[in-house]
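Containing PDB, C-alpha atoms: run-v9.pdb.
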ATOM      1  CA  TRP A 189      99.179 152.066 118.274
ATOM      2  CA  ALA A 190     102.405 150.171 118.720
ATOM      3  CA  CYS A 191     102.930 151.800 122.104
ATOM      4  CA  ASP A 192      99.394 151.148 123.402
ATOM      5  CA  THR A 193      98.865 148.404 125.943
ATOM      6  CA  TYR A 194      96.821 145.518 124.615
ATOM      7  CA  GLU A 195      94.819 143.406 127.008
ATOM      8  CA  ALA A 196      94.230 139.873 125.850
ATOM      9  CA  PRO A 197      90.703 138.558 126.346
ATOM     10  CA  PRO A 198      90.336 136.363 129.411
ATOM     11  CA  ILE A 199      90.762 132.633 128.945
ATOM     12  CA  ILE A 200      87.870 130.747 130.446
ATOM     13  CA  PRO A 201      89.068 127.402 131.836
ATOM     14  CA  GLN A 202      86.940 124.439 130.779
ATOM     15  CA  THR A 203      86.721 120.964 132.270
ATOM     16  CA  GLY A 204      85.314 118.074 130.279
ATOM     17  CA  SER A 205      82.913 115.418 131.491
ATOM     18  CA  SER A 206      84.461 112.075 132.471
ATOM     19  CA  VAL A 207      83.143 108.587 133.186
ATOM     20  CA  VAL A 208      82.705 108.208 136.956
ATOM     21  CA  SER A 209      81.129 104.743 136.969
ATOM     22  CA  PRO A 210      82.097 102.096 136.026
ATOM     23  CA  ALA A 211      85.402 103.123 137.557
ATOM     24  CA  GLU A 212      88.835 102.873 135.952
ATOM     25  CA  GLY A 213      89.925  99.219 135.745
ATOM     26  CA  SER A 214      86.430  97.791 136.249
ATOM     27  CA  ILE A 215      85.575  94.468 134.628
ATOM     28  CA  LEU A 216      82.536  94.148 132.347
ATOM     29  CA  THR A 217      81.563  90.659 131.222
ATOM     30  CA  LEU A 218      78.793  90.872 128.654
ATOM     31  CA  ASP A 219      76.213  88.056 128.726
ATOM     32  CA  VAL A 220      74.772  86.532 125.563
ATOM     33  CA  ASN A 221      71.570  85.691 127.485
ATOM     34  CA  THR A 222      70.825  89.320 128.384
ATOM     35  CA  PRO A 223      71.531  91.405 125.269
ATOM     36  CA  GLU A 224      69.018  94.073 126.339
ATOM     37  CA  ALA A 225      70.658  94.540 129.759
ATOM     38  CA  ILE A 226      71.404  98.206 130.395
ATOM     39  CA  ILE A 227      74.907  99.270 131.379
ATOM     40  CA  PRO A 228      74.626 102.701 133.028
ATOM     41  CA  PHE A 229      77.624 104.975 132.528
ATOM     42  CA  GLU A 230      77.589 107.741 135.123
ATOM     43  CA  VAL A 231      79.468 110.852 133.998
ATOM     44  CA  SER A 232      80.557 114.053 135.696
ATOM     45  CA  VAL A 233      79.144 117.484 134.879
ATOM     46  CA  PRO A 234      81.457 119.491 132.593
ATOM     47  CA  ASP A 235      82.401 123.097 133.248
ATOM     48  CA  PHE A 236      82.154 125.274 130.151
ATOM     49  CA  GLY A 237      82.634 128.463 132.159
ATOM     50  CA  MET A 238      79.033 129.414 131.412
ATOM     51  CA  ASN A 239      75.557 127.983 131.802
ATOM     52  CA  GLY A 240      73.629 126.084 129.164
ATOM     53  CA  ASN A 241      72.044 122.765 128.305
ATOM     54  CA  VAL A 242      74.653 120.016 128.037
ATOM     55  CA  ALA A 243      74.544 117.040 125.659
ATOM     56  CA  TYR A 244      76.698 114.002 126.470
ATOM     57  CA  SER A 245      78.068 111.442 123.994
ATOM     58  CA  LEU A 246      79.897 108.304 125.141
ATOM     59  CA  GLU A 247      82.658 107.178 122.784
ATOM     60  CA  MET A 248      84.744 104.011 122.886
ATOM     61  CA  ASP A 249      87.741 102.552 121.100
ATOM     62  CA  ILE A 250      90.278  99.826 121.678
ATOM     63  CA  GLU A 251      93.209 100.608 123.936
ATOM     64  CA  GLY A 252      96.184 102.255 122.261
ATOM     65  CA  SER A 253      94.258 103.606 119.274
ATOM     66  CA  ASP A 254      94.065 107.170 120.645
ATOM     67  CA  PHE A 255      90.382 107.241 119.614
ATOM     68  CA  ALA A 256      91.372 107.317 115.931
ATOM     69  CA  ASN A 257      88.317 105.167 115.130
ATOM     70  CA  ALA A 258      86.077 106.148 118.030
ATOM     71  CA  VAL A 259      82.508 104.866 117.983
ATOM     72  CA  GLU A 260      79.626 106.656 119.688
ATOM     73  CA  ILE A 261      77.719 104.101 121.748
ATOM     74  CA  GLY A 262      75.270 106.313 123.621
ATOM     75  CA  THR A 263      73.985 109.830 124.135
ATOM     76  CA  SER A 264      72.076 111.606 126.879
ATOM     77  CA  ASP A 265      71.113 115.025 128.157
ATOM     78  CA  ILE A 266      71.577 113.908 131.780
ATOM     79  CA  THR A 267      74.627 112.498 133.569
ATOM     80  CA  THR A 268      73.600 108.872 132.998
ATOM     81  CA  ILE A 269      74.261 107.378 129.573
ATOM     82  CA  SER A 270      72.502 104.033 129.125
ATOM     83  CA  VAL A 271      74.101 101.506 126.769
ATOM     84  CA  THR A 272      72.679  98.077 125.993
ATOM     85  CA  SER A 273      74.918  95.058 126.337
ATOM     86  CA  GLU A 274      74.100  94.147 122.733
ATOM     87  CA  LYS A 275      75.128  97.573 121.367
ATOM     88  CA  LEU A 276      78.454  97.488 123.192
ATOM     89  CA  ASN A 277      79.060  93.869 122.168
ATOM     90  CA  ASP A 278      78.283  94.585 118.490
ATOM     91  CA  GLU A 279      80.755  97.458 118.430
ATOM     92  CA  LEU A 280      83.465  95.364 120.135
ATOM     93  CA  VAL A 281      82.932  92.525 117.642
ATOM     94  CA  ALA A 282      83.054  95.028 114.752
ATOM     95  CA  LYS A 283      86.444  96.201 116.063
ATOM     96  CA  GLY A 284      87.720  92.608 115.917
ATOM     97  CA  LEU A 285      88.194  91.977 119.641
ATOM     98  CA  PRO A 286      88.470  88.295 120.572
ATOM     99  CA  LEU A 287      85.250  86.714 121.796
ATOM    100  CA  GLY A 288      85.098  85.359 125.339
ATOM    101  CA  VAL A 289      88.397  87.055 126.192
ATOM    102  CA  ALA A 290      88.833  90.192 128.291
ATOM    103  CA  SER A 291      90.237  93.150 126.341
ATOM    104  CA  ASN A 292      91.071  96.677 127.435
ATOM    105  CA  VAL A 293      88.630  99.158 125.988
ATOM    106  CA  GLN A 294      88.816 102.918 126.448
ATOM    107  CA  PHE A 295      85.854 105.225 126.961
ATOM    108  CA  ARG A 296      85.551 109.009 126.953
ATOM    109  CA  VAL A 297      82.760 111.564 127.097
ATOM    110  CA  LYS A 298      82.279 114.283 124.505
ATOM    111  CA  SER A 299      80.163 117.059 125.957
ATOM    112  CA  SER A 300      78.718 120.001 124.112
ATOM    113  CA  ILE A 301      76.641 122.952 125.192
ATOM    114  CA  ASP A 302      73.815 124.766 123.413
ATOM    115  CA  VAL A 303      75.979 127.862 123.122
ATOM    116  CA  SER A 304      78.325 128.200 120.143
ATOM    117  CA  LEU A 305      81.317 126.488 121.736
ATOM    118  CA  MET A 306      83.388 123.565 120.525
ATOM    119  CA  PRO A 307      82.676 120.231 122.257
ATOM    120  CA  ILE A 308      85.129 119.235 124.978
ATOM    121  CA  TYR A 309      86.390 115.806 125.976
ATOM    122  CA  GLY A 310      86.977 114.491 129.452
ATOM    123  CA  SER A 311      89.666 112.121 130.625
ATOM    124  CA  THR A 312      89.824 108.561 129.345
ATOM    125  CA  VAL A 313      88.818 105.565 131.429
ATOM    126  CA  THR A 314      89.969 102.026 130.595
ATOM    127  CA  LEU A 315      87.720  99.061 131.340
ATOM    128  CA  SER A 316      88.269  95.342 130.857
ATOM    129  CA  VAL A 317      85.414  94.099 128.667
ATOM    130  CA  THR A 318      84.660  90.529 127.564
ATOM    131  CA  PRO A 319      82.479  90.357 124.440
ATOM    132  CA  TYR A 320      80.334  87.302 123.751
ATOM    133  CA  ASP A 321      79.939  85.199 120.647
ATOM    134  CA  ALA A 322      76.623  85.911 119.006
ATOM    135  CA  PHE A 323      75.167  86.580 115.633
ATOM    136  CA  VAL A 324      75.895  90.199 114.810
ATOM    137  CA  GLU A 325      73.340  91.803 112.551
ATOM    138  CA  LEU A 326      75.261  94.122 110.252
ATOM    139  CA  PRO A 327      73.581  97.164 108.690
ATOM    140  CA  LEU A 328      72.537  96.320 105.127
ATOM    141  CA  LEU A 329      72.111  98.256 101.920
ATOM    142  CA  TYR A 330      69.754  96.455  99.532
ATOM    143  CA  VAL A 331      70.468  96.563  95.781
ATOM    144  CA  PRO A 332      67.291  95.650  93.895
ATOM    145  CA  GLY A 333      67.265  95.771  90.111
ATOM    146  CA  ASP A 334      65.691  94.193  87.061
ATOM    147  CA  TYR A 335      68.472  91.580  87.161
ATOM    148  CA  GLN A 336      66.772  90.046  90.234
ATOM    149  CA  GLY A 337      63.120  91.025  89.719
ATOM    150  CA  TRP A 338      63.251  94.384  91.584
ATOM    151  CA  ASN A 339      62.973  92.573  94.913
ATOM    152  CA  PRO A 340      64.402  94.811  97.672
ATOM    153  CA  GLY A 341      64.002  91.981 100.222
ATOM    154  CA  ASN A 342      66.432  89.672  98.414
ATOM    155  CA  THR A 343      69.241  89.141 100.927
ATOM    156  CA  MET A 344      71.492  87.697  98.232
ATOM    157  CA  THR A 345      71.877  91.153  96.670
ATOM    158  CA  VAL A 346      72.979  93.324  99.587
ATOM    159  CA  LEU A 347      76.023  95.272 100.714
ATOM    160  CA  LYS A 348      77.110  95.245 104.372
ATOM    161  CA  SER A 349      78.539  97.873 106.713
ATOM    162  CA  VAL A 350      81.053  95.740 108.634
ATOM    163  CA  ASN A 351      82.229  98.704 110.719
ATOM    164  CA  PHE A 352      78.698  99.949 111.499
ATOM    165  CA  ASP A 353      79.658 103.282 109.914
ATOM    166  CA  LYS A 354      77.243 103.537 106.959
ATOM    167  CA  THR A 355      80.078 102.608 104.580
ATOM    168  CA  PHE A 356      78.830  99.559 102.697
ATOM    169  CA  THR A 357      81.048  97.063 100.926
ATOM    170  CA  GLY A 358      80.553  93.869  98.949
ATOM    171  CA  PHE A 359      79.866  92.584  95.471
ATOM    172  CA  VAL A 360      76.592  92.361  93.588
ATOM    173  CA  HIS A 361      76.761  90.579  90.247
ATOM    174  CA  ILE A 362      74.447  92.218  87.732
ATOM    175  CA  LEU A 363      74.624  89.680  84.945
ATOM    176  CA  SER A 364      71.234  90.060  83.286
ATOM    177  CA  GLY A 365      68.590  92.636  82.475
ATOM    178  CA  SER A 366      69.217  96.242  81.516
ATOM    179  CA  GLY A 367      71.720  96.836  84.333
ATOM    180  CA  GLU A 368      69.368  99.206  86.161
ATOM    181  CA  PHE A 369      69.349  99.059  89.943
ATOM    182  CA  LYS A 370      68.570 101.131  93.028
ATOM    183  CA  PHE A 371      69.809 101.353  96.607
ATOM    184  CA  THR A 372      67.532 101.141  99.631
ATOM    185  CA  GLU A 373      68.158 100.694 103.347
ATOM    186  CA  GLU A 374      64.844  98.874 103.754
ATOM    187  CA  PRO A 375      63.966  95.342 102.544
ATOM    188  CA  GLU A 376      60.768  96.708 101.018
ATOM    189  CA  TRP A 377      59.693  99.618  98.885
ATOM    190  CA  VAL A 378      58.969 102.689 101.006
ATOM    191  CA  ASP A 379      56.487 105.245  99.643
ATOM    192  CA  GLY A 380      56.401 103.399  96.308
ATOM    193  CA  LYS A 381      60.137 103.984  95.696
TER     194      LYS A 381
END

Could you write out this file's structure as structure tokens?
Amino acid sequence: WACDTYEAPPIIPQTGSSVVSPAEGSILTLDVNTPEAIIPFEVSVPDFGMNGNVAYSLEMDIEGSDFANAVEIGTSDITTISVTSEKLNDELVAKGLPLGVASNVQFRVKSSIDVSLMPIYGSTVTLSVTPYDAFVELPLLYVPGDYQGWNPGNTMTVLKSVNFDKTFTGFVHILSGSGEFKFTEEPEWVDGK
């Protein structure tokens, strides 16, 4: 066997999907008066070297972070990914960017295909984005218990996800009752629980 010729399997070149519009260096100024405004991100079609249904995910992170804490801000099964101004603003505020000041933000597209292949990433595009000052509604985890009358709607006994990542932090003082409590993501009992 050592003398037999071995042919390596062919390597299929792949090209990731990239943001086409807004173009590199574009300026986005988000407006507090139009939080539901849609920002369309046009992306290129990836080449997986085979046919299949493609799913697109738009990720963003602050410049220089190498997408270490990338946040998915939109998905689509076509080459337009629609993102609301409010969603983008909330994620920028959660990352601690200064309000009312332009900051460089990087975007990339993760594309996957309905065949068993790893997702691929396209090139990065950097945009100048100015977030606005507005009340940001953080995801909450309610902590009802007998110490507060088993009231899941009590906003004084909640934990918050400050990074919008389903990791909740905070303090709830359970100073009375039996110490029993529950967690719920809703401010009311769902299905009697």

Item checked: Residue neighbourhood Thr222 in chain A, 10 Å, only C-alpha atoms, exclusion window fewer than 2 positions, as a ChimeraX atom specification -> /A:218-220,224-226,272-274

Next item on the list: Just the residues within 9 Å of Thr217 in chain A, please, counting all atoms listed in the file, with nothing from its chain fewer than 4 positions along; format it as JSON, numbers by chain.
Entry: {"A": [288, 290, 316, 317, 318, 319, 320]}

What are the closest atom pairs, with distances in Å to one decimal, for each residue of range 253-288 of chain A lying within 8 Å of range 230-239 of chain A, using only C-alpha atoms, rows by chain and rising residue number, as a tab-separated table?
residue	atom	partner	partner_atom	distance
A:Thr267	CA	A:Val231	CA	5.1
A:Thr268	CA	A:Glu230	CA	4.7
A:Ile269	CA	A:Glu230	CA	6.5

Notebook entry, point to check: Care to translate the PyMOL selection byres ((chain A and resi 352-368) around 12) into actual residues of this file, as a ChimeraX atom specification?
Noted result: /A:257-261,275-276,278-283,324-338,342-351,369-373

Check: Mind pulling up the distance from CA of Tyr244 in chain A to CA of Ser304 in chain A?
Finding: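 Between these atoms lies a distance of 15.6 Å.
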